[in-house]
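Participant: This is final-v9.tsv (TSV, C-alpha atoms).
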```tsv
chain	number	residue	atom	x	y	z
O	1	MET	CA	79.69	84.39	93.72
O	2	LEU	CA	82.86	82.33	93.70
O	3	ALA	CA	81.23	79.72	91.47
O	4	GLY	CA	80.40	82.43	88.92
O	5	ARG	CA	76.64	82.14	89.17
O	6	MET	CA	76.40	85.93	89.73
O	7	GLY	CA	78.66	86.82	86.84
O	8	ALA	CA	82.36	87.26	86.12
O	9	VAL	CA	82.66	90.67	87.82
O	10	ARG	CA	81.40	89.45	91.19
O	11	ARG	CA	83.50	86.30	90.90
O	12	ALA	CA	86.67	88.36	90.30
O	13	ALA	CA	85.72	90.66	93.20
O	14	ILE	CA	85.20	87.86	95.71
O	15	GLU	CA	88.38	86.10	94.56
O	16	GLN	CA	90.35	89.27	95.25
O	17	GLN	CA	88.74	89.69	98.66
O	18	ILE	CA	89.48	86.09	99.63
O	19	GLN	CA	93.15	86.67	98.87
O	20	VAL	CA	93.15	89.85	100.95
O	21	GLY	CA	91.40	88.04	103.79
O	22	MET	CA	93.94	85.23	103.72
O	23	THR	CA	96.78	87.75	103.79
O	24	PHE	CA	95.40	89.33	106.98
O	25	ASP	CA	94.26	86.04	108.59
O	26	ALA	CA	90.58	86.98	108.42
O	27	GLU	CA	88.32	84.15	109.59
O	28	ASP	CA	85.30	85.25	107.58
O	29	PHE	CA	83.56	88.16	105.86
O	30	VAL	CA	81.33	90.87	107.29
O	31	GLU	CA	78.53	92.51	105.32
O	32	VAL	CA	78.87	96.24	104.71
O	33	SER	CA	76.05	98.75	104.43
O	34	GLN	CA	77.80	101.37	102.28
O	35	VAL	CA	80.92	101.96	100.22
O	36	HIS	CA	83.01	105.11	99.70
O	37	LEU	CA	84.96	104.71	96.46
O	38	MET	CA	88.24	106.45	95.67
O	39	ALA	CA	88.58	106.49	91.88
O	40	ASP	CA	89.78	109.87	90.63
O	41	THR	CA	91.04	109.89	87.07
O	42	GLU	CA	94.65	110.67	88.00
O	43	SER	CA	94.73	107.40	89.92
O	44	LEU	CA	92.71	105.47	87.34
O	45	GLY	CA	94.59	106.51	84.23
O	46	GLU	CA	93.45	105.41	80.80
O	47	SER	CA	93.58	101.71	81.65
O	48	GLY	CA	91.53	102.14	84.82
O	49	VAL	CA	88.85	104.12	83.00
O	50	ALA	CA	88.74	101.48	80.26
O	51	TYR	CA	88.29	98.79	82.94
O	52	LEU	CA	85.30	100.63	84.42
O	53	GLU	CA	83.85	101.02	80.94
O	54	SER	CA	84.19	97.28	80.33
O	55	ILE	CA	82.09	96.60	83.44
O	56	ALA	CA	79.54	99.26	82.46
O	57	ALA	CA	79.08	97.52	79.10
O	58	LEU	CA	77.79	94.33	80.75
O	59	SER	CA	74.15	93.49	81.47
O	60	GLU	CA	72.38	95.47	84.19
O	61	GLU	CA	72.36	92.43	86.47
O	62	GLU	CA	76.12	92.05	86.23
O	63	ARG	CA	77.27	95.67	86.21
O	64	CYS	CA	75.29	97.20	89.09
O	65	VAL	CA	76.71	97.56	92.60
O	66	ARG	CA	74.87	95.75	95.40
O	67	VAL	CA	75.16	98.29	98.24
O	68	PRO	CA	74.94	102.11	98.26
O	69	THR	CA	78.23	103.37	96.80
O	70	VAL	CA	79.37	107.00	96.85
O	71	THR	CA	82.45	108.66	95.37
O	72	ASP	CA	85.46	110.52	96.71
O	73	PRO	CA	86.47	113.85	95.05
O	74	ARG	CA	87.09	113.83	91.31
O	75	GLY	CA	90.18	114.98	89.47
O	76	ILE	CA	88.48	117.63	87.31
O	77	ASP	CA	85.82	120.25	87.99
O	78	LEU	CA	84.15	120.29	84.58
O	79	CYS	CA	82.86	123.82	85.21
O	80	ALA	CA	86.28	125.27	86.04
O	81	TYR	CA	89.05	123.23	84.41
O	82	GLN	CA	89.58	125.63	81.50
O	83	LYS	CA	90.14	128.55	83.90
O	84	LEU	CA	92.78	126.42	85.60
O	85	ASN	CA	94.52	125.71	82.28
O	86	GLN	CA	93.85	121.98	82.54
O	87	ASP	CA	94.02	119.82	79.43
O	88	GLU	CA	90.87	118.88	77.49
O	89	HIS	CA	92.03	115.26	77.39
O	90	LEU	CA	91.81	115.11	81.18
O	91	ALA	CA	88.29	116.50	81.09
O	92	GLU	CA	87.24	113.90	78.54
O	93	LEU	CA	88.70	111.14	80.71
O	94	GLU	CA	86.60	112.50	83.57
O	95	ARG	CA	83.43	112.50	81.49
O	96	ARG	CA	83.98	108.88	80.48
O	97	THR	CA	84.53	107.87	84.10
O	98	ILE	CA	81.34	109.57	85.25
O	99	VAL	CA	79.26	107.84	82.58
O	100	ALA	CA	80.72	104.43	83.45
O	101	MET	CA	80.19	104.86	87.19
O	102	GLN	CA	76.64	106.12	86.82
O	103	THR	CA	75.84	103.14	84.60
O	104	MET	CA	77.06	100.89	87.42
O	105	GLY	CA	74.66	102.54	89.88
O	106	ILE	CA	77.35	104.49	91.73
O	107	LEU	CA	76.24	107.79	93.27
O	108	MET	CA	78.51	110.62	92.12
O	109	THR	CA	78.73	112.47	95.42
O	110	ASP	CA	82.36	113.50	94.74
O	111	THR	CA	83.24	114.28	98.33
O	112	CYS	CA	85.71	113.28	101.05
O	113	ILE	CA	83.36	114.67	103.72
O	114	ASN	CA	80.56	112.20	103.05
O	115	TYR	CA	80.22	111.79	106.82
O	116	GLN	CA	79.20	115.48	107.03
O	117	THR	CA	76.94	115.52	103.98
O	118	ILE	CA	75.89	112.05	102.78
O	119	MET	CA	74.46	109.30	104.98
O	120	PRO	CA	76.69	109.64	108.08
O	121	PRO	CA	77.54	106.19	109.49
O	122	VAL	CA	76.46	105.12	112.96
O	123	ARG	CA	78.17	103.24	115.77
O	124	GLY	CA	78.80	99.59	114.94
O	125	GLU	CA	77.99	99.96	111.24
O	126	HIS	CA	80.41	98.06	109.00
O	127	LEU	CA	81.63	100.00	105.97
O	128	ALA	CA	84.08	99.89	103.08
O	129	PHE	CA	85.51	103.42	103.08
O	130	GLY	CA	88.60	104.38	101.10
O	131	ASP	CA	89.64	107.96	101.78
O	132	THR	CA	91.91	108.28	104.80
O	133	GLY	CA	90.02	111.24	106.24
O	134	SER	CA	86.58	109.71	105.82
O	135	THR	CA	87.68	106.34	107.20
O	136	ILE	CA	89.30	107.68	110.36
O	137	TYR	CA	86.32	109.98	111.02
O	138	ALA	CA	83.82	107.13	110.55
O	139	ASN	CA	85.81	104.81	112.81
O	140	SER	CA	86.65	107.28	115.54
O	141	VAL	CA	83.96	109.96	115.71
O	142	CYS	CA	81.01	107.87	114.53
O	143	GLY	CA	82.08	104.53	116.01
O	144	ALA	CA	81.53	102.73	112.70
O	145	ARG	CA	83.95	100.09	111.41
O	146	SER	CA	86.10	100.20	108.30
O	147	ASN	CA	89.62	99.51	107.18
O	148	PHE	CA	91.25	101.66	104.52
O	149	GLU	CA	89.79	100.19	101.35
O	150	GLY	CA	91.67	101.51	98.30
O	151	GLY	CA	89.88	101.95	94.98
O	152	PRO	CA	89.99	98.31	93.75
O	153	ALA	CA	89.13	96.96	97.21
O	154	ALA	CA	86.20	99.36	97.65
O	155	LEU	CA	84.89	98.52	94.18
O	156	ALA	CA	85.08	94.82	95.05
O	157	ALA	CA	83.08	95.51	98.24
O	158	ALA	CA	80.48	97.40	96.20
O	159	PHE	CA	79.94	94.31	94.04
O	160	THR	CA	79.97	91.71	96.82
O	161	GLY	CA	78.43	93.69	99.68
O	162	ARG	CA	81.08	92.48	102.14
O	163	VAL	CA	84.72	92.76	103.19
O	164	PRO	CA	87.14	90.45	105.01
O	165	ARG	CA	86.74	90.78	108.77
O	166	TYR	CA	90.10	91.94	110.12
O	167	GLY	CA	91.66	95.10	111.58
O	168	CYS	CA	89.12	97.74	112.56
O	169	HIS	CA	86.20	95.34	112.04
O	170	LEU	CA	87.38	93.37	115.10
O	171	GLU	CA	87.10	94.37	118.75
O	172	GLY	CA	90.77	93.59	119.25
O	173	GLY	CA	91.73	95.88	116.39
O	174	ARG	CA	90.11	98.84	118.13
O	175	ARG	CA	91.96	98.70	121.44
O	176	GLY	CA	94.39	101.46	122.39
O	177	THR	CA	98.11	100.99	121.74
O	178	HIS	CA	99.56	104.46	122.49
O	179	LEU	CA	98.59	107.17	124.97
O	180	PHE	CA	99.10	110.88	124.34
O	181	GLU	CA	98.47	113.79	126.70
O	182	VAL	CA	97.69	117.14	125.09
O	183	GLU	CA	99.04	119.95	127.24
O	184	GLU	CA	97.17	122.78	125.48
O	185	ARG	CA	93.91	122.49	123.57
O	186	PRO	CA	94.34	123.40	119.87
O	187	GLY	CA	92.97	126.85	119.07
O	188	ASN	CA	91.96	126.59	115.41
O	189	LEU	CA	91.62	124.15	112.51
O	190	SER	CA	95.28	124.23	111.49
O	191	ASP	CA	96.25	123.64	115.13
O	192	TRP	CA	94.06	120.55	115.18
O	193	GLY	CA	95.73	119.38	111.99
O	194	ALA	CA	99.16	120.01	113.48
O	195	LEU	CA	98.23	117.96	116.54
O	196	GLY	CA	97.08	115.10	114.31
O	197	ALA	CA	100.32	115.29	112.35
O	198	LEU	CA	102.48	115.20	115.48
O	199	ILE	CA	100.68	112.14	116.82
O	200	GLY	CA	100.79	110.49	113.41
O	201	GLN	CA	104.55	111.00	113.22
O	202	ARG	CA	104.96	109.31	116.60
O	203	THR	CA	102.77	106.31	115.81
O	204	GLY	CA	103.39	105.73	112.11
O	205	SER	CA	101.71	102.36	111.73
O	206	TYR	CA	98.37	101.17	110.41
O	207	TRP	CA	98.03	98.85	113.38
O	208	THR	CA	98.37	101.53	116.07
O	209	VAL	CA	95.39	103.06	117.88
O	210	PRO	CA	96.30	106.30	119.69
O	211	VAL	CA	94.31	107.40	122.72
O	212	ILE	CA	94.36	111.17	123.16
O	213	ALA	CA	93.79	112.54	126.66
O	214	GLY	CA	93.71	116.12	127.89
O	215	ILE	CA	90.96	117.43	125.59
O	216	ASP	CA	88.53	118.85	128.15
O	217	GLN	CA	85.92	120.24	125.73
O	218	ALA	CA	84.32	118.45	122.81
O	219	PRO	CA	85.84	119.54	119.48
O	220	THR	CA	83.58	120.53	116.60
O	221	SER	CA	83.03	118.29	113.61
O	222	ASP	CA	85.41	120.42	111.51
O	223	GLU	CA	88.11	120.33	114.20
O	224	LEU	CA	87.91	116.54	114.39
O	225	LYS	CA	87.87	116.42	110.60
O	226	HIS	CA	91.21	118.25	110.34
O	227	PHE	CA	92.70	116.31	113.23
O	228	GLY	CA	91.76	112.92	111.84
O	229	ALA	CA	92.74	113.70	108.25
O	230	ALA	CA	96.23	114.79	109.36
O	231	LEU	CA	96.64	111.84	111.75
O	232	ALA	CA	95.74	109.40	108.97
O	233	SER	CA	97.97	111.19	106.46
O	234	TYR	CA	101.09	111.35	108.65
O	235	GLY	CA	100.64	108.05	110.49
O	236	SER	CA	98.53	105.76	108.24
O	237	VAL	CA	96.29	105.49	111.30
O	238	PRO	CA	92.62	104.57	110.72
O	239	LEU	CA	91.30	105.00	114.28
O	240	PHE	CA	91.80	107.12	117.40
O	241	HIS	CA	89.99	107.52	120.71
O	242	MET	CA	89.42	110.62	122.85
O	243	PRO	CA	88.19	109.64	126.31
O	244	GLY	CA	84.90	111.28	127.17
O	245	ILE	CA	84.42	112.50	123.60
O	246	THR	CA	84.49	109.70	121.01
O	247	PRO	CA	81.77	107.05	121.44
O	248	GLU	CA	83.89	104.01	122.36
O	249	ALA	CA	86.13	105.78	124.89
O	250	GLU	CA	84.56	106.23	128.32
O	251	ASP	CA	87.91	106.84	130.01
O	252	VAL	CA	91.61	106.16	129.46
O	253	GLU	CA	91.76	102.93	131.45
O	254	SER	CA	88.93	101.26	129.54
O	255	MET	CA	90.72	101.68	126.20
O	256	PHE	CA	93.67	99.42	127.02
O	257	ASP	CA	93.80	95.68	127.65
O	258	HIS	CA	96.36	96.19	130.40
O	259	ARG	CA	97.69	99.10	132.42
O	260	PRO	CA	97.80	102.22	130.19
O	261	PRO	CA	101.31	103.11	128.99
O	262	ASP	CA	103.00	106.27	130.18
O	263	PRO	CA	101.65	109.15	128.10
O	264	GLU	CA	103.66	111.03	125.51
O	265	VAL	CA	103.05	114.73	126.10
O	266	ILE	CA	102.30	117.10	123.20
O	267	THR	CA	103.19	120.69	124.15
O	268	ARG	CA	102.57	124.06	122.56
O	269	SER	CA	106.26	124.24	121.72
O	270	ASP	CA	105.87	120.98	119.77
O	271	MET	CA	103.09	122.60	117.77
O	272	ASP	CA	105.12	125.76	117.16
O	273	ALA	CA	108.08	123.72	115.97
O	274	PHE	CA	105.84	121.84	113.55
O	275	TYR	CA	104.61	125.10	112.03
O	276	ALA	CA	108.16	126.45	111.86
O	277	SER	CA	109.33	123.39	109.92
O	278	PHE	CA	107.48	124.73	106.85
O	279	GLY	CA	109.01	128.21	106.90
O	280	ARG	CA	107.27	131.17	105.23
O	281	HIS	CA	106.82	132.74	101.80
O	282	GLU	CA	107.77	136.33	102.57
O	283	ASP	CA	108.53	137.29	98.96
O	284	LYS	CA	105.58	135.80	97.09
O	285	VAL	CA	102.68	133.39	97.48
O	286	ASP	CA	101.62	131.64	94.27
O	287	VAL	CA	98.51	129.83	95.45
O	288	VAL	CA	96.46	129.51	98.63
O	289	VAL	CA	94.41	126.32	98.87
O	290	PHE	CA	91.54	125.32	101.11
O	291	ALA	CA	91.05	121.59	100.52
O	292	ALA	CA	91.92	118.13	101.87
O	293	PRO	CA	89.41	117.84	103.45
O	294	GLN	CA	86.76	119.72	101.46
O	295	LEU	CA	85.16	122.58	103.36
O	296	SER	CA	81.96	122.29	105.35
O	297	LEU	CA	79.21	124.88	104.99
O	298	VAL	CA	80.39	126.51	108.22
O	299	GLU	CA	83.96	126.76	106.91
O	300	MET	CA	82.63	128.26	103.67
O	301	GLN	CA	80.79	130.92	105.65
O	302	ASP	CA	83.96	131.72	107.62
O	303	VAL	CA	86.03	132.10	104.45
O	304	ALA	CA	83.38	134.37	102.91
O	305	ARG	CA	83.39	136.55	106.05
O	306	LEU	CA	87.18	136.85	106.02
O	307	LEU	CA	87.16	137.84	102.32
O	308	GLU	CA	84.38	140.41	102.61
O	309	GLY	CA	85.42	143.68	100.98
O	310	ARG	CA	88.86	142.32	100.03
O	311	GLN	CA	90.53	141.24	96.78
O	312	VAL	CA	92.90	138.39	96.06
O	313	HIS	CA	96.30	139.75	95.03
O	314	GLU	CA	96.94	139.79	91.27
O	315	GLN	CA	100.05	137.60	91.61
O	316	SER	CA	98.30	134.96	93.74
O	317	ALA	CA	95.45	132.50	93.32
O	318	LEU	CA	92.95	131.39	95.97
O	319	LEU	CA	91.29	127.99	95.45
O	320	ILE	CA	88.53	126.67	97.70
O	321	ALA	CA	87.15	123.13	97.32
O	322	THR	CA	83.86	121.89	98.71
O	323	SER	CA	81.33	119.15	98.00
O	324	PRO	CA	78.66	119.55	95.29
O	325	GLU	CA	75.97	119.63	97.98
O	326	ASN	CA	77.72	122.39	99.90
O	327	LYS	CA	78.39	124.30	96.70
O	328	SER	CA	74.66	124.26	95.90
O	329	ALA	CA	73.88	125.50	99.39
O	330	CYS	CA	76.49	128.26	99.03
O	331	ASP	CA	74.93	129.29	95.72
O	332	ARG	CA	71.52	129.52	97.37
O	333	MET	CA	72.77	131.45	100.40
O	334	GLY	CA	74.87	133.98	98.52
O	335	ILE	CA	78.14	132.61	99.92
O	336	THR	CA	79.43	131.73	96.44
O	337	ASP	CA	78.91	135.26	95.14
O	338	SER	CA	80.58	136.69	98.23
O	339	ILE	CA	83.66	134.48	97.81
O	340	GLU	CA	84.01	134.81	94.04
O	341	SER	CA	83.63	138.59	94.11
O	342	SER	CA	87.05	138.64	95.80
O	343	GLY	CA	88.67	136.90	92.85
O	344	ALA	CA	88.83	133.52	94.59
O	345	MET	CA	87.84	130.38	92.69
O	346	LEU	CA	85.28	128.06	94.28
O	347	LEU	CA	85.62	124.47	93.09
O	348	LYS	CA	83.08	121.69	93.59
O	349	GLY	CA	83.55	117.95	93.83
O	350	VAL	CA	87.36	117.99	93.65
O	351	CYS	CA	90.36	118.06	95.98
O	352	PHE	CA	93.60	119.82	95.09
O	353	TYR	CA	96.06	116.96	95.36
O	354	GLN	CA	93.80	114.72	93.23
O	355	MET	CA	93.57	117.32	90.44
O	356	TYR	CA	96.78	116.40	88.59
O	357	ALA	CA	98.50	118.76	91.03
O	358	ARG	CA	101.93	118.61	89.39
O	359	GLU	CA	100.53	119.47	85.96
O	360	LEU	CA	98.32	122.11	87.56
O	361	GLY	CA	101.33	123.78	89.16
O	362	GLU	CA	103.37	123.67	85.97
O	363	ALA	CA	100.51	125.08	83.87
O	364	ASN	CA	100.02	128.03	86.22
O	365	GLY	CA	103.53	128.63	87.53
O	366	TRP	CA	102.63	127.61	91.10
O	367	GLN	CA	105.18	126.42	93.63
O	368	ARG	CA	104.80	128.51	96.79
O	369	LEU	CA	101.62	127.21	98.39
O	370	VAL	CA	99.85	128.07	101.65
O	371	SER	CA	97.05	126.05	103.25
O	372	ASN	CA	95.35	125.53	106.61
O	373	SER	CA	95.28	121.77	105.96
O	374	ALA	CA	98.06	119.74	107.59
O	375	LYS	CA	97.06	116.81	105.39
O	376	LEU	CA	97.51	118.83	102.21
O	377	VAL	CA	100.91	120.27	103.13
O	378	ASN	CA	102.08	116.74	103.95
O	379	ILE	CA	101.10	115.42	100.53
O	380	ILE	CA	101.67	118.30	98.17
O	381	SER	CA	105.46	118.67	98.38
O	382	GLY	CA	105.65	115.41	96.45
O	383	TYR	CA	104.07	117.24	93.50
O	384	GLY	CA	106.72	119.94	93.31
O	385	TYR	CA	105.25	122.53	95.70
O	386	ARG	CA	106.82	124.34	98.65
O	387	PRO	CA	103.99	124.28	101.19
O	388	VAL	CA	103.40	126.36	104.32
O	389	LEU	CA	100.85	125.56	107.03
O	390	ALA	CA	98.93	128.54	108.44
O	391	SER	CA	95.64	129.39	110.13
O	392	THR	CA	92.56	130.17	108.05
O	393	GLU	CA	92.95	133.87	108.79
O	394	ALA	CA	96.64	133.86	107.83
O	395	CYS	CA	95.83	132.01	104.61
O	396	ILE	CA	93.30	134.67	103.60
O	397	ASP	CA	95.77	137.43	104.47
O	398	ALA	CA	98.43	135.72	102.33
O	399	ALA	CA	96.05	135.50	99.37
O	400	VAL	CA	95.16	139.19	99.69
O	401	LYS	CA	98.73	140.46	100.27
O	402	GLY	CA	100.41	138.03	97.86
O	403	ARG	CA	102.97	137.10	100.50
O	404	MET	CA	103.25	135.99	104.14
```
Show me the file's structure as structure tokens.
Facilitator:
Amino acid sequence: MLAGRMGAVRRAAIEQQIQVGMTFDAEDFVEVSQVHLMADTESLGESGVAYLESIAALSEEERCVRVPTVTDPRGIDLCAYQKLNQDEHLAELERRTIVAMQTMGILMTDTCINYQTIMPPVRGEHLAFGDTGSTIYANSVCGARSNFEGGPAALAAAFTGRVPRYGCHLEGGRRGTHLFEVEERPGNLSDWGALGALIGQRTGSYWTVPVIAGIDQAPTSDELKHFGAALASYGSVPLFHMPGITPEAEDVESMFDHRPPDPEVITRSDMDAFYASFGRHEDKVDVVVFAAPQLSLVEMQDVARLLEGRQVHEQSALLIATSPENKSACDRMGITDSIESSGAMLLKGVCFYQMYARELGEANGWQRLVSNSAKLVNIISGYGYRPVLASTEACIDAAVKGRM
């Protein structure tokens, strides 16, 4: 590849990866079995889309990825963007991106919950995952191995079939560095997100590996999804261990090279203070968002149940994002009709903060936002929103009442 015998694209990809490997003192490469590519159009921009198109214009031998490659959520739902007052230019940029990626052999899965819907990784499997939520879930819950591979890095891995071996690909990079004791088990999805956020705030480094003790009952996949997504968002952390629950953590002692550190205790009052830091929207709620991560089929069913016989308030909007596969299942099971009959909008293959969120808010007059996702409320204030974290039930009530 480096000599150019496999084409200019693979040569450029391996050159980039060698530089990354040298930066992180990697001794060699490790082959990966799958790639999760973050390349929404807001991040790509016109120049990024044009770059993908230049690769797609090459011969089939040169342009096609070498390992299974799936996509993170897109920036535009082409079935719903006009209802959201999004610009036609953005939709056209999305169409161009899709054509280029498909020509390269990339599977347009458009989901951040690929571990719940598309080829879940297994323990010891080496990956090149990009999204923070998917990477931390794969590392921690599945026991697979990936660093955070941003869009260009993941694309390079798709063309070379390998990544530099450093960080979470190494045994030493997976050992515990911090110990936390949870005093009270989280009670719902937003609680799990709040716990992840609190631990992320106290670690705050890519090279930390928190070990979380005190969870006496195995969380569900959705609970771990919200926990991990928030932990990665607030702390840039790609891996955690829960003794007796996650596959690499038999007990606390086995997760540390030396005597475990004294635990930092997370109390219910810590959780309450985290919620309180966002305040409330007692006068008006502009938009309620379920996204980041996209919703599982079980979450979709719960939202439909909570909306049954109710209507979204005329001054508020309710947006719900899920994967294309889950959307198809919801269509088949009648969940879509149940949700949309309330006035809510069900979006597929997108995530709110990747949907040109600032422009979206300006086009629709949205500022006061409510979500059950700790990851989303962490990110979205940077786009001009005033976010509030609340439980799923409280979010639905806010959408129906138009206030909190």
Participant: Just to confirm, what's the straight-line distance from atom CA of Arg310 of chain O to atom CA of Pro387 of chain O in Å (one decimal)?
Facilitator: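 These atoms are spaced 23.6 Å apart.
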Participant: Let me make sure I understand: among O:Asn364, O:Glu125, O:Gln301, O:Gln315, which one has the smallest atom-to-atom distance to Thr336 of chain O if we use all atoms listed in the file?
Facilitator: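 Using all atoms listed in the file, the shortest distance to Thr336 of chain O belongs to O:Gln301.
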Participant: In terms of the shortest atom-to-atom distance over only C-alpha atoms, which of O:Asp331, O:Gly244, O:Ala398, O:Gln19 is closest to Glu314 of chain O?
Facilitator: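 Checking each of O:Asp331, O:Gly244, O:Ala398, O:Gln19 against Glu314 of chain O, counting only C-alpha atoms, the winner is O:Ala398.
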Participant: When you look at segment 148-160 of chain O with a cut-off of 6 Å (counting only C-alpha atoms), what residues show up, excluding the ones that are within fewer than 6 positions of it in the same chain? I need them as a PyMOL selection string.
Facilitator: chain O and resi 10+13+37-39+65-67+128-130
Participant: Counting all atoms listed in the file, figure out which residue out of O:Leu179, O:Val289, O:Ile215, O:Leu239 gets nearest to Val265 of chain O.
Facilitator: O:Leu179
Participant: For atom CA of Lys327 of chain O and atom CA of Ser140 of chain O, determine how far apart the two atoms are, in Å to one decimal place.
Facilitator: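 It comes out at 26.7 Å.
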Participant: In the coordinates of the file, take the point (98.4, 122.5, 99.9) and a cut-off of 12 Å; then, counting all atoms listed in the file, name each qualifying protein, DNA or RNA residue as a PDB file with C-alpha atoms, in the frame of the given file.
Facilitator:
```pdb
ATOM      1  CA  PHE O 278     107.480 124.730 106.850  1.00  0.00           C
ATOM      2  CA  VAL O 285     102.680 133.390  97.480  1.00  0.00           C
ATOM      3  CA  ASP O 286     101.620 131.640  94.270  1.00  0.00           C
ATOM      4  CA  VAL O 287      98.510 129.830  95.450  1.00  0.00           C
ATOM      5  CA  VAL O 288      96.460 129.510  98.630  1.00  0.00           C
ATOM      6  CA  VAL O 289      94.410 126.320  98.870  1.00  0.00           C
ATOM      7  CA  PHE O 290      91.540 125.320 101.110  1.00  0.00           C
ATOM      8  CA  ALA O 291      91.050 121.590 100.520  1.00  0.00           C
ATOM      9  CA  ALA O 292      91.920 118.130 101.870  1.00  0.00           C
ATOM     10  CA  PRO O 293      89.410 117.840 103.450  1.00  0.00           C
ATOM     11  CA  LEU O 318      92.950 131.390  95.970  1.00  0.00           C
ATOM     12  CA  LEU O 319      91.290 127.990  95.450  1.00  0.00           C
ATOM     13  CA  ILE O 320      88.530 126.670  97.700  1.00  0.00           C
ATOM     14  CA  ALA O 321      87.150 123.130  97.320  1.00  0.00           C
ATOM     15  CA  CYS O 351      90.360 118.060  95.980  1.00  0.00           C
ATOM     16  CA  PHE O 352      93.600 119.820  95.090  1.00  0.00           C
ATOM     17  CA  TYR O 353      96.060 116.960  95.360  1.00  0.00           C
ATOM     18  CA  GLN O 354      93.800 114.720  93.230  1.00  0.00           C
ATOM     19  CA  MET O 355      93.570 117.320  90.440  1.00  0.00           C
ATOM     20  CA  ALA O 357      98.500 118.760  91.030  1.00  0.00           C
ATOM     21  CA  ARG O 358     101.930 118.610  89.390  1.00  0.00           C
ATOM     22  CA  GLY O 361     101.330 123.780  89.160  1.00  0.00           C
ATOM     23  CA  TRP O 366     102.630 127.610  91.100  1.00  0.00           C
ATOM     24  CA  GLN O 367     105.180 126.420  93.630  1.00  0.00           C
ATOM     25  CA  ARG O 368     104.800 128.510  96.790  1.00  0.00           C
ATOM     26  CA  LEU O 369     101.620 127.210  98.390  1.00  0.00           C
ATOM     27  CA  VAL O 370      99.850 128.070 101.650  1.00  0.00           C
ATOM     28  CA  SER O 371      97.050 126.050 103.250  1.00  0.00           C
ATOM     29  CA  ASN O 372      95.350 125.530 106.610  1.00  0.00           C
ATOM     30  CA  SER O 373      95.280 121.770 105.960  1.00  0.00           C
ATOM     31  CA  ALA O 374      98.060 119.740 107.590  1.00  0.00           C
ATOM     32  CA  LYS O 375      97.060 116.810 105.390  1.00  0.00           C
ATOM     33  CA  LEU O 376      97.510 118.830 102.210  1.00  0.00           C
ATOM     34  CA  VAL O 377     100.910 120.270 103.130  1.00  0.00           C
ATOM     35  CA  ASN O 378     102.080 116.740 103.950  1.00  0.00           C
ATOM     36  CA  ILE O 379     101.100 115.420 100.530  1.00  0.00           C
ATOM     37  CA  ILE O 380     101.670 118.300  98.170  1.00  0.00           C
ATOM     38  CA  SER O 381     105.460 118.670  98.380  1.00  0.00           C
ATOM     39  CA  GLY O 382     105.650 115.410  96.450  1.00  0.00           C
ATOM     40  CA  TYR O 383     104.070 117.240  93.500  1.00  0.00           C
ATOM     41  CA  GLY O 384     106.720 119.940  93.310  1.00  0.00           C
ATOM     42  CA  TYR O 385     105.250 122.530  95.700  1.00  0.00           C
ATOM     43  CA  ARG O 386     106.820 124.340  98.650  1.00  0.00           C
ATOM     44  CA  PRO O 387     103.990 124.280 101.190  1.00  0.00           C
ATOM     45  CA  VAL O 388     103.400 126.360 104.320  1.00  0.00           C
ATOM     46  CA  LEU O 389     100.850 125.560 107.030  1.00  0.00           C
ATOM     47  CA  ALA O 390      98.930 128.540 108.440  1.00  0.00           C
ATOM     48  CA  CYS O 395      95.830 132.010 104.610  1.00  0.00           C
TER      49      CYS O 395
END
```
Participant: Could you give me, as a ChimeraX atom specification, the residues within 12 Å of Cys79 of chain O, counting all atoms listed in the file and dropping anything in the same chain fewer than 2 positions from it?
Facilitator: /O:76-77,81-84,86,91,95,324,345-350
Participant: Could you please give me, as a list in words, the residues of protein, DNA or RNA lying at most 10 Å from (90.2, 86.9, 100.8) in the coordinate frame of the file, considering all atoms listed in the file?
Facilitator: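 Checked against the point, the hits come out as Ala13, Ile14, Glu15, Gln16, Gln17, Ile18, Gln19, Val20, Gly21, Met22, Thr23, Phe24, Asp25, Ala26, Glu27, Asp28, Phe29, Val163, Pro164 and Arg165 of chain O.
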Participant: Using only C-alpha atoms for the distances, tell me which of O:Cys168, O:Ala144, O:Ile136, O:Ala399 is nearest to Leu224 of chain O.
Facilitator: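 Of all the options, O:Ile136 lies closest to Leu224 of chain O.
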Participant: Gly196 of chain O: which residues within 7 Å, counting all atoms listed in the file, same-chain residues fewer than 6 positions away excluded, as a list of chain:residue names?
Facilitator: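 Once the nearby chain positions are removed, what remains is O:Phe227, O:Gly228, O:Ala230, O:Leu231.
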Participant: Given the choices O:His241, O:Arg268, O:His258, O:His313, which gets closest to Val182 of chain O if the distance is worked out from all atoms listed in the file?
Facilitator: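 Among O:His241, O:Arg268, O:His258, O:His313, it is O:Arg268 that comes nearest to Val182 of chain O.
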Participant: Choose the residue, out of O:Gly167, O:Arg403, O:Trp207, O:Leu195, that has the smallest atom-to-atom separation from Glu183 of chain O; count all atoms listed in the file.
Facilitator: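 Of O:Gly167, O:Arg403, O:Trp207, O:Leu195, the one nearest Glu183 of chain O is O:Leu195, counting all atoms listed in the file.
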Participant: Hey, can you check how far atom CA of Glu253 of chain O sits from atom CA of Gly172 of chain O?
Facilitator: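 So the answer is 15.4 Å.
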Participant: I'd like the neighbourhood of Thr203 of chain O as a list in words, where a residue qualifies if any of its atoms comes within 8 Å (using only C-alpha atoms), though same-chain residues fewer than 3 positions away should be ignored.
Facilitator: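 The filter keeps His178, Ile199, Gly200, Thr208, Pro210, Gly235 and Val237 of chain O.
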Participant: May I have the residues within 6 Å of Thr71 of chain O as a PDB file with C-alpha atoms, in the coordinates of the input, using all atoms listed in the file and disregarding those fewer than 4 positions away in the same chain?
Facilitator:
```
ATOM      1  CA  HIS O  36      83.010 105.110  99.700  1.00  0.00           C
ATOM      2  CA  LEU O  37      84.960 104.710  96.460  1.00  0.00           C
ATOM      3  CA  MET O 108      78.510 110.620  92.120  1.00  0.00           C
ATOM      4  CA  THR O 109      78.730 112.470  95.420  1.00  0.00           C
ATOM      5  CA  ASP O 110      82.360 113.500  94.740  1.00  0.00           C
TER       6      ASP O 110
END
```
